[in-house]
file run27.txt (compact mmCIF, N, CA, C and O atoms)
# COMPACT_ATOMS: atom_id res chain seq x y z
N HIS A 222 -45.37 20.57 -36.17
CA HIS A 222 -46.00 20.54 -34.88
C HIS A 222 -47.41 19.96 -34.97
O HIS A 222 -47.84 19.23 -34.09
N LEU A 223 -48.10 20.30 -36.02
CA LEU A 223 -49.47 19.81 -36.19
C LEU A 223 -49.48 18.30 -36.39
O LEU A 223 -50.35 17.61 -35.84
N HIS A 224 -48.51 17.81 -37.13
CA HIS A 224 -48.43 16.37 -37.35
C HIS A 224 -48.20 15.62 -36.04
O HIS A 224 -48.83 14.60 -35.78
N ALA A 225 -47.32 16.13 -35.21
CA ALA A 225 -47.06 15.49 -33.92
C ALA A 225 -48.31 15.53 -33.04
O ALA A 225 -48.62 14.57 -32.32
N TYR A 226 -49.04 16.63 -33.09
CA TYR A 226 -50.27 16.76 -32.32
C TYR A 226 -51.32 15.73 -32.76
O TYR A 226 -51.92 15.04 -31.94
N THR A 227 -51.50 15.59 -34.07
CA THR A 227 -52.50 14.64 -34.56
C THR A 227 -52.08 13.20 -34.28
O THR A 227 -52.93 12.36 -34.00
N ARG A 228 -50.78 12.92 -34.33
CA ARG A 228 -50.31 11.57 -33.96
C ARG A 228 -50.62 11.28 -32.51
O ARG A 228 -51.03 10.18 -32.16
N GLY A 229 -50.45 12.28 -31.66
CA GLY A 229 -50.76 12.10 -30.24
C GLY A 229 -52.24 11.85 -30.02
O GLY A 229 -52.62 11.03 -29.18
N LEU A 230 -53.08 12.55 -30.78
CA LEU A 230 -54.52 12.32 -30.66
C LEU A 230 -54.89 10.90 -31.11
O LEU A 230 -55.71 10.24 -30.48
N GLU A 231 -54.29 10.45 -32.19
CA GLU A 231 -54.56 9.09 -32.65
C GLU A 231 -54.06 8.06 -31.66
O GLU A 231 -54.70 7.03 -31.45
N PHE A 232 -52.94 8.33 -31.03
CA PHE A 232 -52.36 7.40 -30.07
C PHE A 232 -53.29 7.21 -28.87
O PHE A 232 -53.42 6.12 -28.34
N ASP A 233 -53.98 8.27 -28.47
CA ASP A 233 -54.85 8.20 -27.30
C ASP A 233 -56.30 8.46 -27.69
O ASP A 233 -57.02 9.21 -27.05
N ARG A 234 -56.72 7.82 -28.76
CA ARG A 234 -58.04 8.05 -29.32
C ARG A 234 -59.17 7.76 -28.33
O ARG A 234 -60.18 8.46 -28.29
N GLU A 235 -59.02 6.72 -27.50
CA GLU A 235 -60.07 6.37 -26.53
C GLU A 235 -60.28 7.51 -25.53
O GLU A 235 -61.43 7.84 -25.19
N ALA A 236 -59.21 8.13 -25.07
CA ALA A 236 -59.34 9.24 -24.13
C ALA A 236 -59.98 10.45 -24.79
O ALA A 236 -60.81 11.13 -24.18
N VAL A 237 -59.65 10.70 -26.05
CA VAL A 237 -60.24 11.83 -26.77
C VAL A 237 -61.74 11.60 -26.94
O VAL A 237 -62.56 12.49 -26.69
N ASN A 238 -62.13 10.38 -27.34
CA ASN A 238 -63.54 10.07 -27.50
C ASN A 238 -64.29 10.20 -26.17
O ASN A 238 -65.40 10.73 -26.13
N ALA A 239 -63.70 9.73 -25.10
CA ALA A 239 -64.34 9.82 -23.79
C ALA A 239 -64.49 11.28 -23.37
O ALA A 239 -65.54 11.67 -22.83
N ALA A 240 -63.49 12.10 -23.63
CA ALA A 240 -63.56 13.51 -23.26
C ALA A 240 -64.66 14.24 -24.02
O ALA A 240 -65.30 15.15 -23.49
N LEU A 241 -64.89 13.85 -25.26
CA LEU A 241 -65.90 14.52 -26.07
C LEU A 241 -67.31 13.99 -25.86
O LEU A 241 -68.28 14.68 -26.15
N THR A 242 -67.44 12.76 -25.37
CA THR A 242 -68.77 12.16 -25.26
C THR A 242 -69.29 12.06 -23.83
O THR A 242 -70.50 11.97 -23.64
N GLN A 243 -68.42 12.08 -22.84
CA GLN A 243 -68.86 11.94 -21.46
C GLN A 243 -69.33 13.29 -20.90
O GLN A 243 -68.77 14.33 -21.24
N PRO A 244 -70.32 13.26 -20.01
CA PRO A 244 -70.81 14.52 -19.44
C PRO A 244 -69.94 15.03 -18.29
O PRO A 244 -70.22 16.07 -17.73
N PHE A 245 -68.91 14.30 -17.93
CA PHE A 245 -68.08 14.67 -16.79
C PHE A 245 -66.87 15.46 -17.26
O PHE A 245 -66.38 15.28 -18.37
N HIS A 246 -66.36 16.35 -16.39
CA HIS A 246 -65.16 17.09 -16.70
C HIS A 246 -64.45 17.46 -15.39
O HIS A 246 -65.02 17.34 -14.31
N ASN A 247 -63.22 17.88 -15.48
CA ASN A 247 -62.45 18.25 -14.29
C ASN A 247 -62.11 19.73 -14.30
O ASN A 247 -61.06 20.15 -13.83
N GLY A 248 -62.99 20.55 -14.82
CA GLY A 248 -62.75 21.98 -14.92
C GLY A 248 -62.54 22.65 -13.58
O GLY A 248 -61.66 23.49 -13.41
N ARG A 249 -63.35 22.30 -12.60
CA ARG A 249 -63.21 22.91 -11.28
C ARG A 249 -61.86 22.56 -10.65
O ARG A 249 -61.19 23.41 -10.09
N THR A 250 -61.45 21.30 -10.79
CA THR A 250 -60.16 20.89 -10.24
C THR A 250 -59.02 21.64 -10.91
O THR A 250 -58.10 22.12 -10.25
N GLU A 251 -59.08 21.76 -12.23
CA GLU A 251 -58.03 22.48 -12.95
C GLU A 251 -58.01 23.95 -12.55
O GLU A 251 -56.94 24.56 -12.46
N GLY A 252 -59.16 24.53 -12.30
CA GLY A 252 -59.22 25.93 -11.87
C GLY A 252 -58.55 26.13 -10.52
O GLY A 252 -57.83 27.12 -10.31
N VAL A 253 -58.77 25.19 -9.61
CA VAL A 253 -58.14 25.28 -8.28
C VAL A 253 -56.63 25.15 -8.42
O VAL A 253 -55.87 25.88 -7.78
N ASN A 254 -56.18 24.22 -9.26
CA ASN A 254 -54.74 24.05 -9.46
C ASN A 254 -54.12 25.30 -10.05
O ASN A 254 -53.04 25.74 -9.62
N THR A 255 -54.77 25.92 -11.01
CA THR A 255 -54.26 27.14 -11.64
C THR A 255 -54.18 28.27 -10.63
O THR A 255 -53.18 29.01 -10.58
N LYS A 256 -55.21 28.42 -9.81
CA LYS A 256 -55.22 29.48 -8.80
C LYS A 256 -54.10 29.27 -7.78
O LYS A 256 -53.40 30.22 -7.40
N THR A 257 -53.92 28.03 -7.35
CA THR A 257 -52.86 27.72 -6.38
C THR A 257 -51.49 28.05 -6.95
O THR A 257 -50.64 28.64 -6.28
N LYS A 258 -51.25 27.69 -8.21
CA LYS A 258 -49.97 27.97 -8.85
C LYS A 258 -49.74 29.47 -8.99
O LYS A 258 -48.62 29.96 -8.82
N MET A 259 -50.82 30.23 -9.29
CA MET A 259 -50.69 31.67 -9.41
C MET A 259 -50.29 32.29 -8.07
O MET A 259 -49.39 33.14 -8.00
N ILE A 260 -50.93 31.87 -6.99
CA ILE A 260 -50.60 32.39 -5.66
C ILE A 260 -49.16 32.04 -5.31
O ILE A 260 -48.41 32.87 -4.79
N LYS A 261 -48.76 30.82 -5.62
CA LYS A 261 -47.39 30.38 -5.33
C LYS A 261 -46.37 31.25 -6.08
O LYS A 261 -45.36 31.66 -5.52
N ARG A 262 -46.64 31.55 -7.35
CA ARG A 262 -45.73 32.39 -8.13
C ARG A 262 -45.67 33.81 -7.58
O ARG A 262 -44.62 34.44 -7.57
N GLN A 263 -46.82 34.34 -7.15
CA GLN A 263 -46.85 35.69 -6.59
C GLN A 263 -46.01 35.79 -5.32
O GLN A 263 -45.43 36.83 -5.03
N MET A 264 -45.96 34.71 -4.55
CA MET A 264 -45.28 34.73 -3.25
C MET A 264 -43.86 34.18 -3.32
O MET A 264 -43.22 34.04 -2.29
N TYR A 265 -43.37 33.87 -4.51
CA TYR A 265 -42.07 33.23 -4.63
C TYR A 265 -40.99 34.01 -3.90
O TYR A 265 -40.79 35.20 -4.13
N GLY A 266 -40.29 33.36 -2.98
CA GLY A 266 -39.18 33.95 -2.25
C GLY A 266 -39.59 34.86 -1.11
O GLY A 266 -38.73 35.42 -0.43
N ARG A 267 -40.87 35.03 -0.86
CA ARG A 267 -41.32 35.96 0.17
C ARG A 267 -41.70 35.29 1.47
O ARG A 267 -41.61 35.88 2.53
N ALA A 268 -42.23 34.08 1.39
CA ALA A 268 -42.72 33.44 2.60
C ALA A 268 -42.68 31.93 2.44
O ALA A 268 -42.49 31.41 1.35
N GLY A 269 -42.92 31.25 3.53
CA GLY A 269 -42.89 29.80 3.51
C GLY A 269 -44.27 29.19 3.31
O GLY A 269 -45.26 29.87 3.01
N PHE A 270 -44.33 27.91 3.52
CA PHE A 270 -45.55 27.16 3.32
C PHE A 270 -46.71 27.61 4.21
O PHE A 270 -47.85 27.66 3.74
N PRO A 271 -46.49 27.96 5.50
CA PRO A 271 -47.64 28.36 6.33
C PRO A 271 -48.43 29.55 5.76
O PRO A 271 -49.66 29.53 5.76
N LEU A 272 -47.73 30.56 5.22
CA LEU A 272 -48.45 31.70 4.65
C LEU A 272 -49.14 31.31 3.35
O LEU A 272 -50.27 31.74 3.09
N LEU A 273 -48.50 30.49 2.54
CA LEU A 273 -49.14 30.02 1.31
C LEU A 273 -50.42 29.26 1.64
O LEU A 273 -51.47 29.50 1.04
N ARG A 274 -50.36 28.39 2.61
CA ARG A 274 -51.53 27.62 3.05
C ARG A 274 -52.63 28.57 3.52
O ARG A 274 -53.80 28.42 3.18
N HIS A 275 -52.27 29.56 4.29
CA HIS A 275 -53.23 30.53 4.82
C HIS A 275 -53.93 31.29 3.68
O HIS A 275 -55.14 31.46 3.70
N ARG A 276 -53.15 31.73 2.70
CA ARG A 276 -53.74 32.48 1.57
C ARG A 276 -54.67 31.60 0.74
O ARG A 276 -55.72 32.06 0.28
N ILE A 277 -54.31 30.33 0.57
CA ILE A 277 -55.17 29.43 -0.20
C ILE A 277 -56.47 29.17 0.54
O ILE A 277 -57.55 29.19 -0.04
N LEU A 278 -56.38 28.96 1.84
CA LEU A 278 -57.59 28.68 2.61
C LEU A 278 -58.50 29.90 2.69
O LEU A 278 -59.72 29.78 2.74
N LEU A 279 -57.94 31.11 2.71
CA LEU A 279 -58.76 32.31 2.74
C LEU A 279 -59.38 32.63 1.38
O LEU A 279 -60.42 33.28 1.31
N GLY A 280 -58.69 32.22 0.31
CA GLY A 280 -59.16 32.56 -1.03
C GLY A 280 -60.20 31.65 -1.48
O GLY A 280 -61.14 31.75 -2.10
call {"tool": "encode", "arguments": {"input": "run27.txt", "output": "structure tokens"}}
result
Amino acid sequence: HLHAYTRGLEFDREAVNAALTQPFHNGRTEGVNTKTKMIKRQMYGRAGFPLLRHRILLG
């Protein structure tokens, strides 16, 4: 598994270098995505999109 991981890093070396050297990040966006997925999993099978939308907008 480690070998495959390092090969992937070498394959996309420019992206790895940019991620480590640039001052920008997408942490806030990833946090919102994670929160939305958590709410969706909690509500699975209980309600439709309107309630999901309402909970996301209130949260």
call {"tool": "atom_distance", "arguments": {"input": "run27.txt", "atom1": "atom N of Met259 (chain A)", "atom2": "CA of Ile277 (chain A)"}}
result
10.1 Å
call {"tool": "atom_distance", "arguments": {"input": "run27.txt", "atom1": "atom O of Lys261 (chain A)", "atom2": "atom O of Arg276 (chain A)"}}
result
11.9 Å
call {"tool": "residues_around", "arguments": {"input": "run27.txt", "residues": "region 246-257 of chain A", "least_positions_apart": "2", "cutoff": "12 Å", "atoms": "only C-alpha atoms", "output": "ChimeraX atom specification"}}
result
/A:239-244,259-264,273-280
call {"tool": "atom_distance", "arguments": {"input": "run27.txt", "atom1": "CA of Leu223 (chain A)", "atom2": "CA of Lys258 (chain A)"}}
result
28.5 Å
call {"tool": "select_by_dssp", "arguments": {"input": "run27.txt", "residues": "chain A", "states": "alpha helix (DSSP H)", "output": "PDB file with N, CA, C and O atoms, in the coordinates of the input"}}
result
ATOM      1  N   LEU A 223     -48.100  20.300 -36.020  1.00  0.00           N
ATOM      2  CA  LEU A 223     -49.470  19.810 -36.190  1.00  0.00           C
ATOM      3  C   LEU A 223     -49.480  18.300 -36.390  1.00  0.00           C
ATOM      4  O   LEU A 223     -50.350  17.610 -35.840  1.00  0.00           O
ATOM      5  N   HIS A 224     -48.510  17.810 -37.130  1.00  0.00           N
ATOM      6  CA  HIS A 224     -48.430  16.370 -37.350  1.00  0.00           C
ATOM      7  C   HIS A 224     -48.200  15.620 -36.040  1.00  0.00           C
ATOM      8  O   HIS A 224     -48.830  14.600 -35.780  1.00  0.00           O
ATOM      9  N   ALA A 225     -47.320  16.130 -35.210  1.00  0.00           N
ATOM     10  CA  ALA A 225     -47.060  15.490 -33.920  1.00  0.00           C
ATOM     11  C   ALA A 225     -48.310  15.530 -33.040  1.00  0.00           C
ATOM     12  O   ALA A 225     -48.620  14.570 -32.320  1.00  0.00           O
ATOM     13  N   TYR A 226     -49.040  16.630 -33.090  1.00  0.00           N
ATOM     14  CA  TYR A 226     -50.270  16.760 -32.320  1.00  0.00           C
ATOM     15  C   TYR A 226     -51.320  15.730 -32.760  1.00  0.00           C
ATOM     16  O   TYR A 226     -51.920  15.040 -31.940  1.00  0.00           O
ATOM     17  N   THR A 227     -51.500  15.590 -34.070  1.00  0.00           N
ATOM     18  CA  THR A 227     -52.500  14.640 -34.560  1.00  0.00           C
ATOM     19  C   THR A 227     -52.080  13.200 -34.280  1.00  0.00           C
ATOM     20  O   THR A 227     -52.930  12.360 -34.000  1.00  0.00           O
ATOM     21  N   ARG A 228     -50.780  12.920 -34.330  1.00  0.00           N
ATOM     22  CA  ARG A 228     -50.310  11.570 -33.960  1.00  0.00           C
ATOM     23  C   ARG A 228     -50.620  11.280 -32.510  1.00  0.00           C
ATOM     24  O   ARG A 228     -51.030  10.180 -32.160  1.00  0.00           O
ATOM     25  N   GLY A 229     -50.450  12.280 -31.660  1.00  0.00           N
ATOM     26  CA  GLY A 229     -50.760  12.100 -30.240  1.00  0.00           C
ATOM     27  C   GLY A 229     -52.240  11.850 -30.020  1.00  0.00           C
ATOM     28  O   GLY A 229     -52.620  11.030 -29.180  1.00  0.00           O
ATOM     29  N   LEU A 230     -53.080  12.550 -30.780  1.00  0.00           N
ATOM     30  CA  LEU A 230     -54.520  12.320 -30.660  1.00  0.00           C
ATOM     31  C   LEU A 230     -54.890  10.900 -31.110  1.00  0.00           C
ATOM     32  O   LEU A 230     -55.710  10.240 -30.480  1.00  0.00           O
ATOM     33  N   GLU A 231     -54.290  10.450 -32.190  1.00  0.00           N
ATOM     34  CA  GLU A 231     -54.560   9.090 -32.650  1.00  0.00           C
ATOM     35  C   GLU A 231     -54.060   8.060 -31.660  1.00  0.00           C
ATOM     36  O   GLU A 231     -54.700   7.030 -31.450  1.00  0.00           O
ATOM     37  N   PHE A 232     -52.940   8.330 -31.030  1.00  0.00           N
ATOM     38  CA  PHE A 232     -52.360   7.400 -30.070  1.00  0.00           C
ATOM     39  C   PHE A 232     -53.290   7.210 -28.870  1.00  0.00           C
ATOM     40  O   PHE A 232     -53.420   6.120 -28.340  1.00  0.00           O
ATOM     41  N   ARG A 234     -56.720   7.820 -28.760  1.00  0.00           N
ATOM     42  CA  ARG A 234     -58.040   8.050 -29.320  1.00  0.00           C
ATOM     43  C   ARG A 234     -59.170   7.760 -28.330  1.00  0.00           C
ATOM     44  O   ARG A 234     -60.180   8.460 -28.290  1.00  0.00           O
ATOM     45  N   GLU A 235     -59.020   6.720 -27.500  1.00  0.00           N
ATOM     46  CA  GLU A 235     -60.070   6.370 -26.530  1.00  0.00           C
ATOM     47  C   GLU A 235     -60.280   7.510 -25.530  1.00  0.00           C
ATOM     48  O   GLU A 235     -61.430   7.840 -25.190  1.00  0.00           O
ATOM     49  N   ALA A 236     -59.210   8.130 -25.070  1.00  0.00           N
ATOM     50  CA  ALA A 236     -59.340   9.240 -24.130  1.00  0.00           C
ATOM     51  C   ALA A 236     -59.980  10.450 -24.790  1.00  0.00           C
ATOM     52  O   ALA A 236     -60.810  11.130 -24.180  1.00  0.00           O
ATOM     53  N   VAL A 237     -59.650  10.700 -26.050  1.00  0.00           N
ATOM     54  CA  VAL A 237     -60.240  11.830 -26.770  1.00  0.00           C
ATOM     55  C   VAL A 237     -61.740  11.600 -26.940  1.00  0.00           C
ATOM     56  O   VAL A 237     -62.560  12.490 -26.690  1.00  0.00           O
ATOM     57  N   ASN A 238     -62.130  10.380 -27.340  1.00  0.00           N
ATOM     58  CA  ASN A 238     -63.540  10.070 -27.500  1.00  0.00           C
ATOM     59  C   ASN A 238     -64.290  10.200 -26.170  1.00  0.00           C
ATOM     60  O   ASN A 238     -65.400  10.730 -26.130  1.00  0.00           O
ATOM     61  N   ALA A 239     -63.700   9.730 -25.100  1.00  0.00           N
ATOM     62  CA  ALA A 239     -64.340   9.820 -23.790  1.00  0.00           C
ATOM     63  C   ALA A 239     -64.490  11.280 -23.370  1.00  0.00           C
ATOM     64  O   ALA A 239     -65.540  11.670 -22.830  1.00  0.00           O
ATOM     65  N   ALA A 240     -63.490  12.100 -23.630  1.00  0.00           N
ATOM     66  CA  ALA A 240     -63.560  13.510 -23.260  1.00  0.00           C
ATOM     67  C   ALA A 240     -64.660  14.240 -24.020  1.00  0.00           C
ATOM     68  O   ALA A 240     -65.300  15.150 -23.490  1.00  0.00           O
ATOM     69  N   LEU A 241     -64.890  13.850 -25.260  1.00  0.00           N
ATOM     70  CA  LEU A 241     -65.900  14.520 -26.070  1.00  0.00           C
ATOM     71  C   LEU A 241     -67.310  13.990 -25.860  1.00  0.00           C
ATOM     72  O   LEU A 241     -68.280  14.680 -26.150  1.00  0.00           O
ATOM     73  N   THR A 242     -67.440  12.760 -25.370  1.00  0.00           N
ATOM     74  CA  THR A 242     -68.770  12.160 -25.260  1.00  0.00           C
ATOM     75  C   THR A 242     -69.290  12.060 -23.830  1.00  0.00           C
ATOM     76  O   THR A 242     -70.500  11.970 -23.640  1.00  0.00           O
ATOM     77  N   GLY A 248     -62.990  20.550 -14.820  1.00  0.00           N
ATOM     78  CA  GLY A 248     -62.750  21.980 -14.920  1.00  0.00           C
ATOM     79  C   GLY A 248     -62.540  22.650 -13.580  1.00  0.00           C
ATOM     80  O   GLY A 248     -61.660  23.490 -13.410  1.00  0.00           O
ATOM     81  N   ARG A 249     -63.350  22.300 -12.600  1.00  0.00           N
ATOM     82  CA  ARG A 249     -63.210  22.910 -11.280  1.00  0.00           C
ATOM     83  C   ARG A 249     -61.860  22.560 -10.650  1.00  0.00           C
ATOM     84  O   ARG A 249     -61.190  23.410 -10.090  1.00  0.00           O
ATOM     85  N   THR A 250     -61.450  21.300 -10.790  1.00  0.00           N
ATOM     86  CA  THR A 250     -60.160  20.890 -10.240  1.00  0.00           C
ATOM     87  C   THR A 250     -59.020  21.640 -10.910  1.00  0.00           C
ATOM     88  O   THR A 250     -58.100  22.120 -10.250  1.00  0.00           O
ATOM     89  N   GLU A 251     -59.080  21.760 -12.230  1.00  0.00           N
ATOM     90  CA  GLU A 251     -58.030  22.480 -12.950  1.00  0.00           C
ATOM     91  C   GLU A 251     -58.010  23.950 -12.550  1.00  0.00           C
ATOM     92  O   GLU A 251     -56.940  24.560 -12.460  1.00  0.00           O
ATOM     93  N   GLY A 252     -59.160  24.530 -12.300  1.00  0.00           N
ATOM     94  CA  GLY A 252     -59.220  25.930 -11.870  1.00  0.00           C
ATOM     95  C   GLY A 252     -58.550  26.130 -10.520  1.00  0.00           C
ATOM     96  O   GLY A 252     -57.830  27.120 -10.310  1.00  0.00           O
ATOM     97  N   VAL A 253     -58.770  25.190  -9.610  1.00  0.00           N
ATOM     98  CA  VAL A 253     -58.140  25.280  -8.280  1.00  0.00           C
ATOM     99  C   VAL A 253     -56.630  25.150  -8.420  1.00  0.00           C
ATOM    100  O   VAL A 253     -55.870  25.880  -7.780  1.00  0.00           O
ATOM    101  N   ASN A 254     -56.180  24.220  -9.260  1.00  0.00           N
ATOM    102  CA  ASN A 254     -54.740  24.050  -9.460  1.00  0.00           C
ATOM    103  C   ASN A 254     -54.120  25.300 -10.050  1.00  0.00           C
ATOM    104  O   ASN A 254     -53.040  25.740  -9.620  1.00  0.00           O
ATOM    105  N   THR A 255     -54.770  25.920 -11.010  1.00  0.00           N
ATOM    106  CA  THR A 255     -54.260  27.140 -11.640  1.00  0.00           C
ATOM    107  C   THR A 255     -54.180  28.270 -10.630  1.00  0.00           C
ATOM    108  O   THR A 255     -53.180  29.010 -10.580  1.00  0.00           O
ATOM    109  N   LYS A 256     -55.210  28.420  -9.810  1.00  0.00           N
ATOM    110  CA  LYS A 256     -55.220  29.480  -8.800  1.00  0.00           C
ATOM    111  C   LYS A 256     -54.100  29.270  -7.780  1.00  0.00           C
ATOM    112  O   LYS A 256     -53.400  30.220  -7.400  1.00  0.00           O
ATOM    113  N   THR A 257     -53.920  28.030  -7.350  1.00  0.00           N
ATOM    114  CA  THR A 257     -52.860  27.720  -6.380  1.00  0.00           C
ATOM    115  C   THR A 257     -51.490  28.050  -6.950  1.00  0.00           C
ATOM    116  O   THR A 257     -50.640  28.640  -6.280  1.00  0.00           O
ATOM    117  N   LYS A 258     -51.250  27.690  -8.210  1.00  0.00           N
ATOM    118  CA  LYS A 258     -49.970  27.970  -8.850  1.00  0.00           C
ATOM    119  C   LYS A 258     -49.740  29.470  -8.990  1.00  0.00           C
ATOM    120  O   LYS A 258     -48.620  29.960  -8.820  1.00  0.00           O
ATOM    121  N   MET A 259     -50.820  30.230  -9.290  1.00  0.00           N
ATOM    122  CA  MET A 259     -50.690  31.670  -9.410  1.00  0.00           C
ATOM    123  C   MET A 259     -50.290  32.290  -8.070  1.00  0.00           C
ATOM    124  O   MET A 259     -49.390  33.140  -8.000  1.00  0.00           O
ATOM    125  N   ILE A 260     -50.930  31.870  -6.990  1.00  0.00           N
ATOM    126  CA  ILE A 260     -50.600  32.390  -5.660  1.00  0.00           C
ATOM    127  C   ILE A 260     -49.160  32.040  -5.310  1.00  0.00           C
ATOM    128  O   ILE A 260     -48.410  32.870  -4.790  1.00  0.00           O
ATOM    129  N   LYS A 261     -48.760  30.820  -5.620  1.00  0.00           N
ATOM    130  CA  LYS A 261     -47.390  30.380  -5.330  1.00  0.00           C
ATOM    131  C   LYS A 261     -46.370  31.250  -6.080  1.00  0.00           C
ATOM    132  O   LYS A 261     -45.360  31.660  -5.520  1.00  0.00           O
ATOM    133  N   ARG A 262     -46.640  31.550  -7.350  1.00  0.00           N
ATOM    134  CA  ARG A 262     -45.730  32.390  -8.130  1.00  0.00           C
ATOM    135  C   ARG A 262     -45.670  33.810  -7.580  1.00  0.00           C
ATOM    136  O   ARG A 262     -44.620  34.440  -7.570  1.00  0.00           O
ATOM    137  N   GLN A 263     -46.820  34.340  -7.150  1.00  0.00           N
ATOM    138  CA  GLN A 263     -46.850  35.690  -6.590  1.00  0.00           C
ATOM    139  C   GLN A 263     -46.010  35.790  -5.320  1.00  0.00           C
ATOM    140  O   GLN A 263     -45.430  36.830  -5.030  1.00  0.00           O
ATOM    141  N   PHE A 270     -44.330  27.910   3.520  1.00  0.00           N
ATOM    142  CA  PHE A 270     -45.550  27.160   3.320  1.00  0.00           C
ATOM    143  C   PHE A 270     -46.710  27.610   4.210  1.00  0.00           C
ATOM    144  O   PHE A 270     -47.850  27.660   3.740  1.00  0.00           O
ATOM    145  N   PRO A 271     -46.490  27.960   5.500  1.00  0.00           N
ATOM    146  CA  PRO A 271     -47.640  28.360   6.330  1.00  0.00           C
ATOM    147  C   PRO A 271     -48.430  29.550   5.760  1.00  0.00           C
ATOM    148  O   PRO A 271     -49.660  29.530   5.760  1.00  0.00           O
ATOM    149  N   LEU A 272     -47.730  30.560   5.220  1.00  0.00           N
ATOM    150  CA  LEU A 272     -48.450  31.700   4.650  1.00  0.00           C
ATOM    151  C   LEU A 272     -49.140  31.310   3.350  1.00  0.00           C
ATOM    152  O   LEU A 272     -50.270  31.740   3.090  1.00  0.00           O
ATOM    153  N   LEU A 273     -48.500  30.490   2.540  1.00  0.00           N
ATOM    154  CA  LEU A 273     -49.140  30.020   1.310  1.00  0.00           C
ATOM    155  C   LEU A 273     -50.420  29.260   1.640  1.00  0.00           C
ATOM    156  O   LEU A 273     -51.470  29.500   1.040  1.00  0.00           O
ATOM    157  N   ARG A 274     -50.360  28.390   2.610  1.00  0.00           N
ATOM    158  CA  ARG A 274     -51.530  27.620   3.050  1.00  0.00           C
ATOM    159  C   ARG A 274     -52.630  28.570   3.520  1.00  0.00           C
ATOM    160  O   ARG A 274     -53.800  28.420   3.180  1.00  0.00           O
ATOM    161  N   HIS A 275     -52.270  29.560   4.290  1.00  0.00           N
ATOM    162  CA  HIS A 275     -53.230  30.530   4.820  1.00  0.00           C
ATOM    163  C   HIS A 275     -53.930  31.290   3.680  1.00  0.00           C
ATOM    164  O   HIS A 275     -55.140  31.460   3.700  1.00  0.00           O
ATOM    165  N   ARG A 276     -53.150  31.730   2.700  1.00  0.00           N
ATOM    166  CA  ARG A 276     -53.740  32.480   1.570  1.00  0.00           C
ATOM    167  C   ARG A 276     -54.670  31.600   0.740  1.00  0.00           C
ATOM    168  O   ARG A 276     -55.720  32.060   0.280  1.00  0.00           O
ATOM    169  N   ILE A 277     -54.310  30.330   0.570  1.00  0.00           N
ATOM    170  CA  ILE A 277     -55.170  29.430  -0.200  1.00  0.00           C
ATOM    171  C   ILE A 277     -56.470  29.170   0.540  1.00  0.00           C
ATOM    172  O   ILE A 277     -57.550  29.190  -0.040  1.00  0.00           O
ATOM    173  N   LEU A 278     -56.380  28.960   1.840  1.00  0.00           N
ATOM    174  CA  LEU A 278     -57.590  28.680   2.610  1.00  0.00           C
ATOM    175  C   LEU A 278     -58.500  29.900   2.690  1.00  0.00           C
ATOM    176  O   LEU A 278     -59.720  29.780   2.740  1.00  0.00           O
ATOM    177  N   LEU A 279     -57.940  31.110   2.710  1.00  0.00           N
ATOM    178  CA  LEU A 279     -58.760  32.310   2.740  1.00  0.00           C
ATOM    179  C   LEU A 279     -59.380  32.630   1.380  1.00  0.00           C
ATOM    180  O   LEU A 279     -60.420  33.280   1.310  1.00  0.00           O
TER     181      LEU A 279
END
